[in-house]
Amino acid sequence: MARDTTDQTPISAASELTAYLASGSKPKEEFRIGTEHEKFVFFKAGHGPVPYAGDASIHALLTGMQKALGWEPIMDGDNIIGLAGPSGAGAISLEPGGQFELSGAPLETLHQTCVESNQHLATLRTIAEPLGIRFLGLGGSPKWSLAETPRMPKSRYEIMTRYMPKVGSQGLDMMYRTCTIQVNLDFSSEADMIKKMRVSTKLQSLATALFASSPFTEGKPNGLVSWRGDIWRDTDNQRSGLHRFMIEDGMSFERYTEWALDVPMYFVVRDGRYHDCTHVTFRQFMNGALKGGIADWEPTLGDWTNHISTLFPDVRLKRFLEMRGADGGPWRRICALPAFWVGLLYDDAALDAAEDLTKSWNFEQVSAFRDSVPKEGLKATVAGHGLLDVAREVLAISRAGLQARAQLNGDGQDETVFLASLDEILAKKATLADDLLMLYNGRWNGSVEPVFEEYQY
């Protein structure tokens with residue numbers, strides 16, 4: 001999320017919160033694709049992390065990008081913490097450890113998505129190169145300890161940093177040492193949302209396996225292919241991960257609202273100041289829990305939109321659905337991740353086929369699948385089936401969905417071209433994490449340093 005919302009519309013009933021989620025429904029012809037990707041920022045000399053302040057810094061990257069793009073700065077106090085493009089153009093934001101994120105514009109085709117990522121990275125390189133700064137696309141920080149990782153001056157992150165150790169063992173690693181590629185997709189109705197939520201939640205761990213790229217921690221193999229996937233197994237399980245109601249009967253906009261109401265808040269923003277609200281749920285806030293504690297204690301629609309942006313289920317519902325399972329990765333993966341999900345969810349026949357494939361998977365099976373993938377990757381099983389076989393079926397469905405969309409580029413290619421990197425993974429039965437471990441144990445001679453040169457953007 002690029003910036004926290006300050007919509008002052010008062011709210012007085014839970015039904016208004018449900019209506020807000022439902023208002024995301026739109027006709028199929030208005031469906032769009034919003035792709036987000038994060039990358040680690042490092043110095044070319046020595047591969048150390050880049051601090052927020054200084055001549056060669058995150059601050060310098062943001063101000064350089066502001067000048068190059070003409071985008072509006074997003075401020076937290078006196079600190080620039082992001083950039084907002086003109087209406088509909090996306091945003092640039094910072095994750096807690098300085099991970100640099102592009103939240104892409106809502107676009108019609110995957111071809112446009114790939115152009116957008118290309119342009120972003122090209123512009124960013126022109127700013128970064130004179131500073132000796134480069135960027136790495138992996139799911140987990142391969143070298144730096146938590147203590148070595150810089151901290152960005154964002155008020156919401158200060159609140160989260162204090163809170164995370166109270167509710168899970170890996171929350172700080174999630175914040176400071178992971179990167180992801182995500183895609184935001186639309187729904188046409190409550191029934192369409194439920195179907196897409198169910199299918200994509202069941203298949204989210206397949207995305208984790210296919211995009212696994214975080215086998216190193218602090219310079220050594222960590223015994224996993226997706227450290228990031230394992231981190232999400234114990235971050236803050238009340239607001240994160242897999243939830244039974246999302247894949248079983250009874251899911252609805254109202255049901256999601258009721259769940260969200262009982263999750264502790266992180267903060268409210270008043271007059272630009274962040275107030276720590278981790279001691280109350282949103283329901284308690286609605287019932288007056290902050291009265292006397294802060295001025296303007298009454299809840300607003302801005303408070304609700306901020307709150308639902310701090311929930312981290314594997315598939316997050318806002319006024320669209322966010323696919324949250326994948327590790328970060330090299331440039332081709334930025335295009336492959338949205339292609340995978342668009343093919344499955346934006347064509348009716350493909351969505352039906354994906355639903356049929358996963359229909360018999362129950363919560364316990366999906367949960368066991370999710371627990372096994374960070375270590376086993378494509379060697380995992382789900383509902384008694386080998387994941388490689390399932391992946392081949394799912395990729396075939398996605399390909400058919402993209403073919404049916406028939407969105408062609410200037411060379412007459414449809415969007416299936418963006419699945420090529422996933423085809424390669426299945427052909428060789430090895431993920432990027434597997435490749436990285438092979439290099440570490442071979443040509444890299446037990447060092448992670450070459451990853452910064454060979455896998456930078």
# chains A, B, ... in the order shown; residues from 1 in each chain; ligands from 1
$ residues_around --residues "A:Leu395" --least-positions-apart "6" --cutoff "10 Å" --atoms "only C-alpha atoms" --output "list in words"
Phe340, Trp341, Gly343, Leu344, Ala354, Gly401, Leu419, Leu422, Asp423 and Leu426 of chain A
$ write_last_selection --atoms "N, CA and C atoms" --output "PDB file, in the first residue's frame"
ATOM      1  N   PHE A 340       0.016 -16.142 -14.549  1.00  0.00           N
ATOM      2  CA  PHE A 340      -0.477 -17.371 -13.932  1.00  0.00           C
ATOM      3  C   PHE A 340      -1.890 -17.186 -13.388  1.00  0.00           C
ATOM      4  N   TRP A 341      -2.098 -16.103 -12.631  1.00  0.00           N
ATOM      5  CA  TRP A 341      -3.394 -15.904 -11.978  1.00  0.00           C
ATOM      6  C   TRP A 341      -4.458 -15.354 -12.929  1.00  0.00           C
ATOM      7  N   GLY A 343      -4.741 -16.004 -16.077  1.00  0.00           N
ATOM      8  CA  GLY A 343      -5.199 -17.142 -16.868  1.00  0.00           C
ATOM      9  C   GLY A 343      -6.194 -18.001 -16.118  1.00  0.00           C
ATOM     10  N   LEU A 344      -5.990 -18.158 -14.807  1.00  0.00           N
ATOM     11  CA  LEU A 344      -6.875 -19.000 -14.000  1.00  0.00           C
ATOM     12  C   LEU A 344      -8.187 -18.319 -13.639  1.00  0.00           C
ATOM     13  N   ALA A 354     -10.430 -24.849 -12.812  1.00  0.00           N
ATOM     14  CA  ALA A 354      -9.616 -24.776 -11.600  1.00  0.00           C
ATOM     15  C   ALA A 354     -10.450 -25.123 -10.373  1.00  0.00           C
ATOM     16  N   GLY A 401      -6.814 -20.264 -20.366  1.00  0.00           N
ATOM     17  CA  GLY A 401      -7.494 -19.025 -20.008  1.00  0.00           C
ATOM     18  C   GLY A 401      -6.887 -17.819 -20.697  1.00  0.00           C
ATOM     19  N   LEU A 419       4.151 -17.204 -19.563  1.00  0.00           N
ATOM     20  CA  LEU A 419       4.230 -18.429 -18.777  1.00  0.00           C
ATOM     21  C   LEU A 419       5.513 -19.209 -19.046  1.00  0.00           C
ATOM     22  N   LEU A 422       7.678 -20.414 -16.187  1.00  0.00           N
ATOM     23  CA  LEU A 422       7.053 -21.473 -15.393  1.00  0.00           C
ATOM     24  C   LEU A 422       7.111 -22.798 -16.139  1.00  0.00           C
ATOM     25  N   ASP A 423       6.968 -22.762 -17.469  1.00  0.00           N
ATOM     26  CA  ASP A 423       7.143 -23.978 -18.271  1.00  0.00           C
ATOM     27  C   ASP A 423       8.535 -24.565 -18.053  1.00  0.00           C
ATOM     28  N   LEU A 426       8.825 -26.453 -14.708  1.00  0.00           N
ATOM     29  CA  LEU A 426       8.203 -27.772 -14.725  1.00  0.00           C
ATOM     30  C   LEU A 426       8.985 -28.738 -15.608  1.00  0.00           C
TER      31      LEU A 426
END
$ select_by_dssp --residues "stretch 290-368 of chain A" --states "strand (DSSP E)" --output "ChimeraX atom specification"
/A:312-313,315-317,321-323
$ residues_around --residues "A:Lys379" --least-positions-apart "2" --cutoff "12 Å" --atoms "only C-alpha atoms" --output "ChimeraX atom specification"
/A:206,209-210,225,369,372-377,381-382,385-391,426,429-431,434
$ write_last_selection --atoms "C-alpha atoms" --output "short mmCIF file (atom, residue, chain, number, x, y, z; two decimals), in the first residue's frame"
data_model
loop_
_atom_site.label_atom_id
_atom_site.label_comp_id
_atom_site.auth_asym_id
_atom_site.auth_seq_id
_atom_site.Cartn_x
_atom_site.Cartn_y
_atom_site.Cartn_z
CA LEU A 206 1.40 -23.82 -5.64
CA ALA A 209 6.38 -23.54 -4.80
CA LEU A 210 6.68 -22.31 -8.40
CA VAL A 225 13.30 -23.36 -0.85
CA PHE A 369 0.05 -28.46 1.72
CA SER A 372 5.05 -28.55 3.52
CA VAL A 373 5.80 -26.32 0.53
CA PRO A 374 8.44 -24.01 2.06
CA LYS A 375 10.71 -27.02 2.61
CA GLU A 376 9.61 -29.46 -0.08
CA GLY A 377 8.75 -27.11 -2.93
CA THR A 381 1.89 -33.30 -2.28
CA VAL A 382 -1.64 -31.97 -1.97
CA HIS A 385 -1.44 -35.84 -5.53
CA GLY A 386 2.15 -35.02 -6.43
CA LEU A 387 2.53 -31.27 -6.79
CA LEU A 388 4.40 -31.49 -10.09
CA ASP A 389 1.42 -33.27 -11.67
CA VAL A 390 -0.99 -30.75 -10.16
CA ALA A 391 1.20 -27.88 -11.38
CA LEU A 426 8.20 -27.77 -14.73
CA LYS A 429 11.55 -30.03 -12.20
CA ALA A 430 13.58 -27.35 -10.43
CA THR A 431 12.67 -23.92 -9.05
CA ASP A 434 16.91 -25.20 -6.53
#
$ residues_around --residues "A:Phe282" --least-positions-apart "5" --cutoff "8 Å" --atoms "only C-alpha atoms" --output "list in words"
Ala260, Leu261, Asp262, Val263, Pro264, Met265 and His307 of chain A
$ closest_residue --among "A:Ser240, A:Ser189, A:Ile247, A:Phe285" --to "A:Leu311" --atoms "only C-alpha atoms"
A:Ser240
$ residues_around --residues "stretch 47-64 of chain A" --least-positions-apart "2" --cutoff "10 Å" --atoms "only C-alpha atoms" --output "ChimeraX atom specification"
/A:40-45,66-71,73-74,79-83,92-94,97-100,123-128,130-134,141,143-144,148-153,449-453
$ residues_around --residues "A:Ala14" --least-positions-apart "3" --cutoff "10 Å" --atoms "only C-alpha atoms" --output "ChimeraX atom specification"
/A:11,17-20,254,257-258,261,283,286
$ residues_around --residues "A:Phe312" --least-positions-apart "4" --cutoff "10 Å" --atoms "only C-alpha atoms" --output "ChimeraX atom specification"
/A:232,235-242,308,316-317,322,324
$ write_last_selection --atoms "C-alpha atoms" --output "CSV table (one decimal), in the first residue's frame"
chain,number,residue,atom,x,y,z
A,232,TRP,CA,4.3,-16.5,6.9
A,235,THR,CA,4.0,-14.1,11.6
A,236,ASP,CA,0.7,-13.1,13.2
A,237,ASN,CA,-1.7,-16.0,12.6
A,238,GLN,CA,-4.8,-14.1,13.7
A,239,ARG,CA,-4.5,-11.8,10.8
A,240,SER,CA,-2.3,-13.8,8.4
A,241,GLY,CA,-2.2,-17.1,6.5
A,242,LEU,CA,-4.9,-19.6,5.9
A,308,ILE,CA,-8.0,-4.1,6.0
A,316,ARG,CA,-6.6,-10.6,0.8
A,317,LEU,CA,-9.9,-9.0,0.1
A,322,GLU,CA,-4.7,-9.8,-3.8
A,324,ARG,CA,0.0,-13.0,-1.8
$ atom_distance --atom1 "atom CA of A:Ser23" --atom2 "atom CA of A:Arg319"
6.6 Å
$ closest_residue --among "A:Cys114, A:Ile33, A:Ile231, A:Leu107" --to "A:Gly171" --atoms "only C-alpha atoms"
A:Ile231
$ closest_residue --among "A:Gln119, A:Asn441, A:Thr416, A:Gln403" --to "A:Leu337" --atoms "only C-alpha atoms"
A:Thr416
$ select_by_dssp --residues "stretch 149-270 of chain A" --states "helix (DSSP H, G or I)" --output "JSON, numbers by chain"
{"A": [155, 156, 157, 158, 159, 160, 161, 162, 163, 164, 165, 166, 167, 171, 172, 173, 174, 175, 176, 177, 190, 191, 192, 193, 194, 195, 196, 197, 198, 199, 200, 201, 202, 203, 204, 205, 206, 207, 208, 209, 210, 227, 228, 229, 230, 231, 232, 233, 234, 244, 245, 246, 253, 254, 255, 256, 257, 258, 259, 260, 261]}
$ atom_distance --atom1 "atom CA of A:Glu298" --atom2 "atom CA of A:Asp271"
13.8 Å
$ atom_distance --atom1 "atom CA of A:Leu138" --atom2 "atom CA of A:Gln365"
28.1 Å
$ closest_residue --among "A:Ala383, A:Ala122, A:Met323, A:Val394" --to "A:Ala350" --atoms "only C-alpha atoms"
A:Val394
$ closest_residue --among "A:Val268, A:Ala400, A:Ala84, A:Met160" --to "A:Trp304" --atoms "only C-alpha atoms"
A:Val268
$ decode --residues "stretch 238-327 of chain A" --atoms "C-alpha atoms" --output "short mmCIF file (atom, residue, chain, number, x, y, z; two decimals), in the first residue's frame"
data_model
loop_
_atom_site.label_atom_id
_atom_site.label_comp_id
_atom_site.auth_asym_id
_atom_site.auth_seq_id
_atom_site.Cartn_x
_atom_site.Cartn_y
_atom_site.Cartn_z
CA GLN A 238 -4.79 -14.14 13.74
CA ARG A 239 -4.48 -11.76 10.77
CA SER A 240 -2.30 -13.84 8.43
CA GLY A 241 -2.20 -17.11 6.55
CA LEU A 242 -4.93 -19.61 5.85
CA HIS A 243 -8.45 -19.27 7.30
CA ARG A 244 -11.05 -22.01 7.11
CA PHE A 245 -14.01 -19.77 6.29
CA MET A 246 -12.32 -18.49 3.13
CA ILE A 247 -12.48 -21.90 1.42
CA GLU A 248 -15.55 -23.46 3.03
CA ASP A 249 -19.26 -22.69 2.80
CA GLY A 250 -20.27 -19.40 4.37
CA MET A 251 -17.71 -17.08 2.80
CA SER A 252 -19.18 -13.68 1.90
CA PHE A 253 -18.39 -9.99 2.08
CA GLU A 254 -20.16 -9.94 5.44
CA ARG A 255 -18.23 -12.95 6.76
CA TYR A 256 -14.90 -11.35 5.83
CA THR A 257 -16.00 -8.13 7.50
CA GLU A 258 -16.93 -9.97 10.70
CA TRP A 259 -13.50 -11.63 10.75
CA ALA A 260 -11.71 -8.34 10.13
CA LEU A 261 -13.67 -6.59 12.88
CA ASP A 262 -12.19 -8.92 15.49
CA VAL A 263 -8.55 -8.59 14.43
CA PRO A 264 -6.49 -6.13 16.51
CA MET A 265 -5.76 -2.84 14.79
CA TYR A 266 -2.32 -1.39 14.20
CA PHE A 267 -3.08 2.33 14.21
CA VAL A 268 -5.36 5.23 13.39
CA VAL A 269 -4.10 8.39 11.72
CA ARG A 270 -5.24 11.76 13.03
CA ASP A 271 -3.78 15.06 11.77
CA GLY A 272 -0.88 13.18 10.22
CA ARG A 273 0.01 11.43 13.48
CA TYR A 274 -0.12 7.67 13.95
CA HIS A 275 -1.69 6.42 17.18
CA ASP A 276 -0.82 2.88 18.31
CA CYS A 277 -4.09 0.93 18.53
CA THR A 278 -2.76 -2.61 18.83
CA HIS A 279 -4.66 -3.00 22.10
CA VAL A 280 -8.11 -2.83 20.47
CA THR A 281 -9.95 -4.62 17.68
CA PHE A 282 -11.82 -2.70 15.03
CA ARG A 283 -15.09 -3.86 16.60
CA GLN A 284 -14.04 -2.37 19.93
CA PHE A 285 -13.05 0.81 18.11
CA MET A 286 -16.54 0.92 16.59
CA ASN A 287 -17.94 0.55 20.11
CA GLY A 288 -16.05 3.59 21.41
CA ALA A 289 -12.86 2.02 22.81
CA LEU A 290 -10.72 5.01 21.84
CA LYS A 291 -13.08 7.63 23.25
CA GLY A 292 -11.10 9.86 25.58
CA GLY A 293 -7.84 8.36 24.35
CA ILE A 294 -7.52 10.37 21.15
CA ALA A 295 -9.26 13.36 19.67
CA ASP A 296 -11.63 12.55 16.80
CA TRP A 297 -12.04 9.03 18.17
CA GLU A 298 -15.00 8.17 15.94
CA PRO A 299 -14.17 5.60 13.23
CA THR A 300 -14.04 6.66 9.57
CA LEU A 301 -13.95 4.87 6.24
CA GLY A 302 -10.26 5.76 6.06
CA ASP A 303 -9.68 3.85 9.29
CA TRP A 304 -11.40 0.81 7.79
CA THR A 305 -9.42 0.89 4.54
CA ASN A 306 -6.20 1.22 6.53
CA HIS A 307 -7.21 -1.66 8.79
CA ILE A 308 -8.00 -4.11 6.00
CA SER A 309 -4.63 -3.25 4.44
CA THR A 310 -2.98 -4.60 7.63
CA LEU A 311 -4.62 -8.03 7.32
CA PHE A 312 -2.38 -10.61 5.67
CA PRO A 313 -4.31 -13.74 4.63
CA ASP A 314 -2.88 -15.70 1.70
CA VAL A 315 -5.52 -14.02 -0.48
CA ARG A 316 -6.56 -10.60 0.79
CA LEU A 317 -9.95 -9.05 0.08
CA LYS A 318 -10.24 -5.31 -0.40
CA ARG A 319 -12.33 -3.98 -3.25
CA PHE A 320 -10.32 -6.50 -5.27
CA LEU A 321 -8.44 -9.71 -4.46
CA GLU A 322 -4.69 -9.78 -3.77
CA MET A 323 -2.67 -12.91 -4.56
CA ARG A 324 -0.01 -12.95 -1.81
CA GLY A 325 1.76 -16.33 -2.00
CA ALA A 326 4.77 -15.77 -4.25
CA ASP A 327 8.38 -14.97 -3.47
#
